[in-house]
Number of protein chains: 2
Amino acid sequence: MPQKTNKISCEECTTTSCFVKRTNPEWLAKISEFKNQVVYPKGQYIFSEGSPVFGAYFIQSGDVKIVSSSFSGKQNIVRLAKAGHMMGHKGEAKENYPIGAVAINDARICFLNNELLYDAFLNNTHFTIDIMMFYSKELRKSEMRNKFFAQMTTDEKVAYAIVYAGEIVGEKNNKGKIMIMLSRQELAQIAGTNAEQVSRTISHMKNDGLLSLDGRCICIENLPGVYNLLSEYEQFI
Amino acid sequence: MPQKTNKISCEECTTTSCFVKRTNPEWLAKISEFKNQVVYPKGQYIFSEGSPVFGAYFIQSGDVKIVSSSFSGKQNIVRLAKAGHMMGHKGEAKENYPIGAVAINDARICFLNNELLYDAFLNNTHFTIDIMMFYSKELRKSEMRNKFFAQMTTDEKVAYAIVYAGEIVGEKNNKGKIMIMLSRQELAQIAGTNAEQVSRTISHMKNDGLLSLDGRCICIENLPGVYNLLSEYEQFI
DNA sequence: CGTGCTTTTGAATAGTATCAAGGCCGGTGG
DNA sequence: CCACCGGCCTTGATACTATTCAAAAGCACG
C-alpha cells in the first residue's frame, strides 16, 4: 500500500533536475505547500490505465515504468522514468489514453493538480520552457525509436532494451558493471517482442562475452560491445 | 527552386491555428517583421537531413513530410504536417538528429530563428504553453504509434497509413470521398514496410470495396470500413 | 511509339512468433 | 535442513508472416 511518510519539501529536496526547481522561490514554496507526496513500494500502481489523471506526477526518487495494454491483453512498456522526470500530464483533459505507471522500486512521487500546475505555468516562464524542451526531446527520442524499431532485427531491439534499461534502472556492482534486474518479460515489453526471444538473444550475447548472468540478474560485461550492435542507430541511443 | 513572393504578414495571415497567433499584438508585429517566409514548390527540401537547424519552421499553408533516412539508405516518413503545425525546433542545439522536411505540395513556410523564438517564449506565456501542449500531445501520439506498430500486422499498418495520410494530405473529390495522391513507396515509408506489401494490401482492400483506384490515386470509398480494420487501436487514430 | 518509372503479382527465402517441454531458482512448509 | 511447488527461464521444433527477388503489366513522358 502507498505510504504517507514525512513529506520532503521542495526546499530541502536534492533532486536538482526536477522541473519544479525552475520556479521562483515564492512559487517553490507554494508548490511545496500544496503538492501531494506519496511513497509507492515496488510493484505498486501510481496511476492506472483507463482512469483519468487530474494533474502531473514528478518523480522525487526511485524508478517507474509507464505501461499500456492493448485490449488483447498484451502489456507494453512505453518508457522508463527516473528521478527528475515528469509523467501523467495531459495536453487536453478529454484525451484518455490508457496509460498507467508502476513503481519498479520504492518511489517517492510528488503530485501537482491541474489548477496548481497551470498557475505555475502562467507565472514561471523558465519552468514552462524547460518542460516544453523536455517534451520536445522526448518526442524526438520517441520518433527515432519508432523509425528504428521498424528496421531493427529482434536481436537489435533486445540489445537496445538492455542498453536503455541499463541507463535508467541499472545499478553498478562492485566491479563498476551495470546490473539490470528486470524480468525477461519486462525487457520483451520494452523491445516489442516476447520473453522467449529475449532469452535467446541474451544467450547469444552471453556466448559472445557481452553479458553475464547472476541468477536472473543481467550484468553488462562489455558495454561498448553491446553499443556496437547498435552502431547503425547510434543517433538515438 | 524556393520562391520569395510577397510576404504574408502575421496580421493578415488566416491560419488561425498557428501558434504565433497566441503572442500579444506587440510580439505578433515583431515576429511578423523579423520572420523569414518562403514558398517551396512540391518536392522541394525545406531543410535537409544532417544540416543543423537554427530556429523553427511554422507552416502557413501546404503540406509537408518529415523524413529521416538510415545509413543503409532506407528513407522513412516520421510524420506528416499541415498548416498550423510547427517543425524543426530542437530542445538543445547539440542534438543533431538527421531529420529533413519536404514539401508535398506547394507550401508557404515561416522561419523564426532561435534568438527571436526564445525571446518570444520568455515574453509570451500562452505561446509557450500552447507549444508545450502541442509537444505533449505529439509525444503521446508517437508513443501510441510505437506501441501499436509493435503489435499490428502489415495490413493494419498500411490501413493506418492510408487513414493517416487521408487526414493530413487527403483531398475530397466531387463525391465527397477522400483522395490520396501519395506513391506506394511513400505509404510504405509511413507504414514501415515496402512498396510491394502496400500494393498487396491495397489490392485486398479494393476487392473488399473499401478503396478504388483512379490511375495511381487512391480513393477511400468506405472510410468506416477502413477504420473498422483498426478498431483494436482506435484510441490513437 | 518506344523508354523509364511505378505498380502489380508470383515464388522463394528468411526471420520471428507460437507452441511445447524440461530445467533452474526461490520460497514455503513440514 | 530438506523436499516440494510454482513461477521464471531456456531451448527446440514448427508454422506463419513478411521480406526479398524477379518479372510482367500499366502509366506518363518525350
# chains A, B, ... in the order shown; residues from 1 in each chain; ligands from 1
$ closest_atom_pairs --of "chain B" --to "chain D" --cutoff "9 Å" --atoms "only C-alpha atoms (C1' of nucleotides)" --output "tab-separated table"
residue	atom	partner	partner_atom	distance
B:Thr153	CA	D:DT17	C1'	8.7
B:Thr154	CA	D:DA18	C1'	7.8
B:Thr193	CA	D:DT19	C1'	8.9
B:Asn194	CA	D:DT19	C1'	8.3
B:Gln197	CA	D:DA18	C1'	8.4
B:Gly215	CA	D:DC27	C1'	7.8
B:Arg216	CA	D:DC27	C1'	8.5
$ residues_around --residues "Asn146 in chain B" --least-positions-apart "6" --cutoff "9 Å" --atoms "only C-alpha atoms (C1' of nucleotides)" --output "mmCIF file with C-alpha atoms, in the first residue's frame"
data_model
loop_
_atom_site.group_PDB
_atom_site.id
_atom_site.type_symbol
_atom_site.label_atom_id
_atom_site.label_comp_id
_atom_site.auth_asym_id
_atom_site.auth_seq_id
_atom_site.Cartn_x
_atom_site.Cartn_y
_atom_site.Cartn_z
ATOM 1 C CA VAL A 78 6.089 2.766 -23.227
ATOM 2 C CA SER A 142 10.155 8.553 -29.492
ATOM 3 C CA GLU A 143 10.170 9.304 -33.213
ATOM 4 C CA ARG A 145 12.592 4.804 -31.663
ATOM 5 C CA ASN A 146 9.610 4.472 -33.962
ATOM 6 C CA LYS A 147 11.749 4.730 -37.015
ATOM 7 C CA PHE A 149 12.157 -0.231 -34.465
#
$ residues_around --residues "range 108-110 of chain A" --least-positions-apart "6" --cutoff "8 Å" --atoms "only C-alpha atoms (C1' of nucleotides)" --output "list in words"
Lys35, Asn36, Gln37, Val38, Val39, Tyr40, Tyr57, Phe58, Ile59, Gln60, Ser61 and Gly62 of chain A
$ interface_residues --of "chain B" --to "chain A" --cutoff "6 Å" --atoms "only C-alpha atoms" --output "MDAnalysis selection string"
chainID B and resid 91 132:133 135:137 139 146 150 192
$ residues_around --residues "Lys206 in chain A" --least-positions-apart "4" --cutoff "10 Å" --atoms "only C-alpha atoms (C1' of nucleotides)" --output "PyMOL selection string"
chain A and resi 200-202+210-213+218-221
$ write_last_selection --atoms "N, CA and C atoms" --output "PDB file, in the first residue's frame"
ATOM      1  N   ARG A 200      16.666 -15.916 -25.899  1.00  0.00           N
ATOM      2  CA  ARG A 200      17.593 -16.347 -26.949  1.00  0.00           C
ATOM      3  C   ARG A 200      18.693 -15.312 -27.167  1.00  0.00           C
ATOM      4  N   THR A 201      18.284 -14.064 -27.295  1.00  0.00           N
ATOM      5  CA  THR A 201      19.272 -13.013 -27.544  1.00  0.00           C
ATOM      6  C   THR A 201      20.271 -12.924 -26.405  1.00  0.00           C
ATOM      7  N   ILE A 202      19.774 -13.035 -25.188  1.00  0.00           N
ATOM      8  CA  ILE A 202      20.665 -12.976 -24.031  1.00  0.00           C
ATOM      9  C   ILE A 202      21.673 -14.124 -24.090  1.00  0.00           C
ATOM     10  N   LEU A 210      29.426 -10.583 -23.994  1.00  0.00           N
ATOM     11  CA  LEU A 210      28.925  -9.223 -23.767  1.00  0.00           C
ATOM     12  C   LEU A 210      28.217  -9.114 -22.418  1.00  0.00           C
ATOM     13  N   LEU A 211      27.558 -10.198 -22.023  1.00  0.00           N
ATOM     14  CA  LEU A 211      26.784 -10.200 -20.776  1.00  0.00           C
ATOM     15  C   LEU A 211      27.224 -11.369 -19.907  1.00  0.00           C
ATOM     16  N   SER A 212      26.874 -11.276 -18.617  1.00  0.00           N
ATOM     17  CA  SER A 212      26.929 -12.457 -17.766  1.00  0.00           C
ATOM     18  C   SER A 212      25.656 -12.464 -16.936  1.00  0.00           C
ATOM     19  N   LEU A 213      25.338 -13.632 -16.392  1.00  0.00           N
ATOM     20  CA  LEU A 213      24.122 -13.755 -15.600  1.00  0.00           C
ATOM     21  C   LEU A 213      24.474 -14.103 -14.156  1.00  0.00           C
ATOM     22  N   ILE A 218      20.897  -9.593 -14.980  1.00  0.00           N
ATOM     23  CA  ILE A 218      21.776  -9.425 -16.132  1.00  0.00           C
ATOM     24  C   ILE A 218      22.880  -8.438 -15.797  1.00  0.00           C
ATOM     25  N   CYS A 219      24.110  -8.817 -16.105  1.00  0.00           N
ATOM     26  CA  CYS A 219      25.242  -7.918 -15.897  1.00  0.00           C
ATOM     27  C   CYS A 219      25.889  -7.610 -17.246  1.00  0.00           C
ATOM     28  N   ILE A 220      26.020  -6.330 -17.570  1.00  0.00           N
ATOM     29  CA  ILE A 220      26.630  -5.939 -18.850  1.00  0.00           C
ATOM     30  C   ILE A 220      28.140  -5.942 -18.680  1.00  0.00           C
ATOM     31  N   GLU A 221      28.808  -6.948 -19.254  1.00  0.00           N
ATOM     32  CA  GLU A 221      30.257  -7.087 -19.087  1.00  0.00           C
ATOM     33  C   GLU A 221      31.011  -6.182 -20.051  1.00  0.00           C
TER      34      GLU A 221
END
$ select_by_dssp --residues "range 96-130 of chain B" --states "strand (DSSP E)" --output "list in words"
Gly100, Ala101, Val102, Ala103, Ala107, Arg108, Ile109, Cys110, Phe111, Leu112 and Asn113 of chain B
$ closest_residue --among "B:Asp208, B:Glu196, B:Glu167, B:Asp214" --to "chain C" --atoms "only C-alpha atoms (C1' of nucleotides)"
B:Glu196
$ interface_residues --of "chain C" --to "chain B" --cutoff "9 Å" --atoms "only C-alpha atoms (C1' of nucleotides)" --output "list in words"
DT6, DT7, DT8 and DT9 of chain C
